[in-house]
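Colleague: I have a structure here, written as structure tokens, and I will follow up with some questions on it.
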Amino acid sequence: MAHSGWTRVPGATFAAVGLLAAACAPIYVPGGRLPAVSSLRLDPAGRPTATVRLSDAAFLGPVEEATRGAGLFSTFAVEPDTAGTPSSDYTVTVRVYARPRQPTGGQVAYTLTAAMTLGVLPLTRQIDILLTATIADRSGGMLKTYTFEDSIREIQQVVIMFVPVGAILTPDRAAARVVENMMRHVYRQVEADRLLDRAPPAGVPAEVS
């Protein structure tokens, strides 16, 4: 699936696509385009198994946490995004893309004004993040693809030097929070669509009407 303008960017290299530190040490925050959702916390007993294929190992932690918290699968394994049919009931293929948001004319004018205040007015830059999750059954048949978008924002301002150190996020940590929340949205929608009810778990014959 092609996404014009989007680039698959490892979490450790977000700085390479525009999040560069300037005079003031910046902080990074989730963009908040998507509302924060909690894990489903369903009972995994009797549910199917899954293989989660991930395009970027930098996000293994948040994807694994979201998958475990959803409780949609009795067991699951997170693996690199490779070809082949796994020996599990479902495959979830997760890809993460990123791109710097192009500023509008008004934003450019504000940035020039803010720069002249030497940090009194905040300078901001934004990276948009897109996550796609494709659900496939045991035979490799594609059931559905879910797409969610959010962003992380870099903020530079003099008052940031007074922010407690523990409250400051690196770009990788901010992106990880966004990705985990997007995966929670994916699993919440999978459950709402009853997508995993369309095929029986391995070793369980389909009901004959």
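Residue numbering restarts at 1 for every chain of the structure tokens, chains are lettered A, B, ... in their displayed order, and ligands are numbered from 1 as they appear.
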Which residues are near Glu154 of chain A? Cut-off 6 Å, only C-alpha atoms, ignore same chain within fewer than 2 positions. Put them as a VMD selection string.

Modeller: chain A and resid 27 to 28 124 to 125

Colleague: Env of Thr91 of chain A: 6 Å cut, atoms = only C-alpha atoms, seq-sep filter 4 positions within chain, self excluded. Answer as a PyMOL selection string.

Modeller: chain A and resi 50-52+135-136

Colleague: Between atom CA of Pro44 of chain A and atom CA of Tyr187 of chain A, what is the distance in Å, rounded to a tenth?

Modeller: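 Spanning atom CA of Pro44 of chain A to atom CA of Tyr187 of chain A is a straight-line distance of 13.1 Å.
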
Colleague: Have a look at atom CA of Arg47 of chain A and atom CA of Phe73 of chain A and let me know their distance in Å, one decimal.

Modeller: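 These atoms are spaced 5.3 Å apart.
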
Colleague: May I ask which of the residues A:Thr49, A:Asn181, A:Ser38, A:Thr134 is the closest one to Asp150 of chain A, counting only C-alpha atoms?

Modeller: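 Of A:Thr49, A:Asn181, A:Ser38, A:Thr134, the one nearest Asp150 of chain A is A:Asn181, counting only C-alpha atoms.
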
Colleague: For Gln189 of chain A, which residue out of A:Ser151, A:Tyr146, A:Val78, A:Thr132 is the nearest one, using only C-alpha atoms?

Modeller: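 Smallest distance to Gln189 of chain A is found for A:Tyr146.
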
Colleague: Compare A:Val92, A:Ala66, A:Val178, A:Leu60 by their minimum atom-to-atom distance to Leu40 of chain A, counting only C-alpha atoms, and give me the closest one.

Modeller: A:Ala66

Colleague: Measuring atom to atom with only C-alpha atoms, identify which of A:Thr67, A:Thr7, A:Ser39, A:Thr82 is nearest to Ile127 of chain A.

Modeller: A:Thr7

Colleague: Which value, in Å to one decimal, gives the distance between atom CA of Val63 of chain A and atom CA of Ala98 of chain A?

Modeller: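 So the answer is 16.5 Å.
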
Colleague: Which one of A:Asp197, A:Leu34, A:Thr145, A:His3 sits closest to Gly46 of chain A if you count only C-alpha atoms?

Modeller: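 Ranking A:Asp197, A:Leu34, A:Thr145, A:His3 by distance to Gly46 of chain A, first place goes to A:Asp197.
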
Colleague: So which bits of segment 28-70 of chain A end up helix (DSSP H, G or I) when you DSSP the backbone, as a VMD selection string?

Modeller: chain A and resid 57 to 70

Colleague: Enumerate as a list of chain:residue names all residues of segment 48-108 of chain A assigned to strand (DSSP E) by DSSP on the backbone, naming them with the chain letters and numbers the document uses.

Modeller: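 Matching residues, listed in order: A:Ala50, A:Thr51, A:Val52, A:Arg53, A:Leu54, A:Phe76, A:Ala77, A:Val78, A:Glu79, A:Pro80, A:Tyr90, A:Thr91, A:Val92, A:Thr93, A:Val94, A:Arg95, A:Val96, A:Tyr97, A:Ala98, A:Arg99, A:Pro100.
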
Colleague: Go ahead and save the residues from that selection, with N, CA and C atoms, as a PDB file, in the first residue's frame.

Modeller:
```pdb
ATOM      1  N   ALA A  50      -2.320 -15.191  17.322  1.00  0.00           N
ATOM      2  CA  ALA A  50      -1.964 -14.185  16.319  1.00  0.00           C
ATOM      3  C   ALA A  50      -0.456 -14.041  16.199  1.00  0.00           C
ATOM      4  N   THR A  51      -0.033 -13.643  15.016  1.00  0.00           N
ATOM      5  CA  THR A  51       1.333 -13.195  14.771  1.00  0.00           C
ATOM      6  C   THR A  51       1.256 -11.730  14.378  1.00  0.00           C
ATOM      7  N   VAL A  52       1.971 -10.888  15.080  1.00  0.00           N
ATOM      8  CA  VAL A  52       1.985  -9.456  14.780  1.00  0.00           C
ATOM      9  C   VAL A  52       3.298  -9.145  14.074  1.00  0.00           C
ATOM     10  N   ARG A  53       3.215  -8.727  12.836  1.00  0.00           N
ATOM     11  CA  ARG A  53       4.406  -8.384  12.064  1.00  0.00           C
ATOM     12  C   ARG A  53       4.569  -6.876  12.068  1.00  0.00           C
ATOM     13  N   LEU A  54       5.748  -6.445  12.447  1.00  0.00           N
ATOM     14  CA  LEU A  54       5.997  -5.036  12.691  1.00  0.00           C
ATOM     15  C   LEU A  54       7.098  -4.525  11.779  1.00  0.00           C
ATOM     16  N   PHE A  76       0.191 -14.528  21.371  1.00  0.00           N
ATOM     17  CA  PHE A  76       0.634 -13.804  20.189  1.00  0.00           C
ATOM     18  C   PHE A  76       2.147 -13.681  20.221  1.00  0.00           C
ATOM     19  N   ALA A  77       2.720 -13.449  19.053  1.00  0.00           N
ATOM     20  CA  ALA A  77       4.152 -13.224  18.919  1.00  0.00           C
ATOM     21  C   ALA A  77       4.366 -12.033  18.010  1.00  0.00           C
ATOM     22  N   VAL A  78       5.277 -11.148  18.399  1.00  0.00           N
ATOM     23  CA  VAL A  78       5.622  -9.990  17.578  1.00  0.00           C
ATOM     24  C   VAL A  78       6.895 -10.325  16.815  1.00  0.00           C
ATOM     25  N   GLU A  79       6.830 -10.251  15.497  1.00  0.00           N
ATOM     26  CA  GLU A  79       7.952 -10.639  14.653  1.00  0.00           C
ATOM     27  C   GLU A  79       8.278  -9.532  13.659  1.00  0.00           C
ATOM     28  N   PRO A  80       9.467  -9.594  13.045  1.00  0.00           N
ATOM     29  CA  PRO A  80       9.784  -8.635  11.976  1.00  0.00           C
ATOM     30  C   PRO A  80       8.807  -8.778  10.813  1.00  0.00           C
ATOM     31  N   TYR A  90      -4.437 -15.680  13.058  1.00  0.00           N
ATOM     32  CA  TYR A  90      -4.507 -14.375  12.380  1.00  0.00           C
ATOM     33  C   TYR A  90      -3.117 -13.751  12.320  1.00  0.00           C
ATOM     34  N   THR A  91      -2.916 -12.921  11.315  1.00  0.00           N
ATOM     35  CA  THR A  91      -1.699 -12.132  11.197  1.00  0.00           C
ATOM     36  C   THR A  91      -2.087 -10.670  11.187  1.00  0.00           C
ATOM     37  N   VAL A  92      -1.426  -9.884  12.028  1.00  0.00           N
ATOM     38  CA  VAL A  92      -1.633  -8.436  12.063  1.00  0.00           C
ATOM     39  C   VAL A  92      -0.338  -7.792  11.564  1.00  0.00           C
ATOM     40  N   THR A  93      -0.382  -7.184  10.397  1.00  0.00           N
ATOM     41  CA  THR A  93       0.800  -6.551   9.814  1.00  0.00           C
ATOM     42  C   THR A  93       0.721  -5.046  10.069  1.00  0.00           C
ATOM     43  N   VAL A  94       1.680  -4.549  10.847  1.00  0.00           N
ATOM     44  CA  VAL A  94       1.663  -3.152  11.286  1.00  0.00           C
ATOM     45  C   VAL A  94       2.795  -2.396  10.594  1.00  0.00           C
ATOM     46  N   ARG A  95       2.458  -1.289   9.969  1.00  0.00           N
ATOM     47  CA  ARG A  95       3.462  -0.427   9.343  1.00  0.00           C
ATOM     48  C   ARG A  95       3.271   1.002   9.851  1.00  0.00           C
ATOM     49  N   VAL A  96       4.393   1.642  10.144  1.00  0.00           N
ATOM     50  CA  VAL A  96       4.379   3.009  10.665  1.00  0.00           C
ATOM     51  C   VAL A  96       5.105   3.909   9.672  1.00  0.00           C
ATOM     52  N   TYR A  97       4.468   5.015   9.318  1.00  0.00           N
ATOM     53  CA  TYR A  97       5.037   5.988   8.391  1.00  0.00           C
ATOM     54  C   TYR A  97       5.095   7.347   9.088  1.00  0.00           C
ATOM     55  N   ALA A  98       5.975   8.215   8.621  1.00  0.00           N
ATOM     56  CA  ALA A  98       6.080   9.556   9.194  1.00  0.00           C
ATOM     57  C   ALA A  98       6.422  10.563   8.111  1.00  0.00           C
ATOM     58  N   ARG A  99       6.009  11.804   8.327  1.00  0.00           N
ATOM     59  CA  ARG A  99       6.386  12.882   7.415  1.00  0.00           C
ATOM     60  C   ARG A  99       6.296  14.206   8.166  1.00  0.00           C
ATOM     61  N   PRO A 100       7.204  15.132   7.886  1.00  0.00           N
ATOM     62  CA  PRO A 100       7.109  16.452   8.507  1.00  0.00           C
ATOM     63  C   PRO A 100       5.936  17.219   7.914  1.00  0.00           C
TER      64      PRO A 100
END
```

Colleague: From the options A:Arg138, A:Leu42, A:Pro26, A:Leu72, which residue's atoms come nearest to Asp89 of chain A, counting only C-alpha atoms?

Modeller: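 Result for the nearest residue to Asp89 of chain A: A:Arg138.
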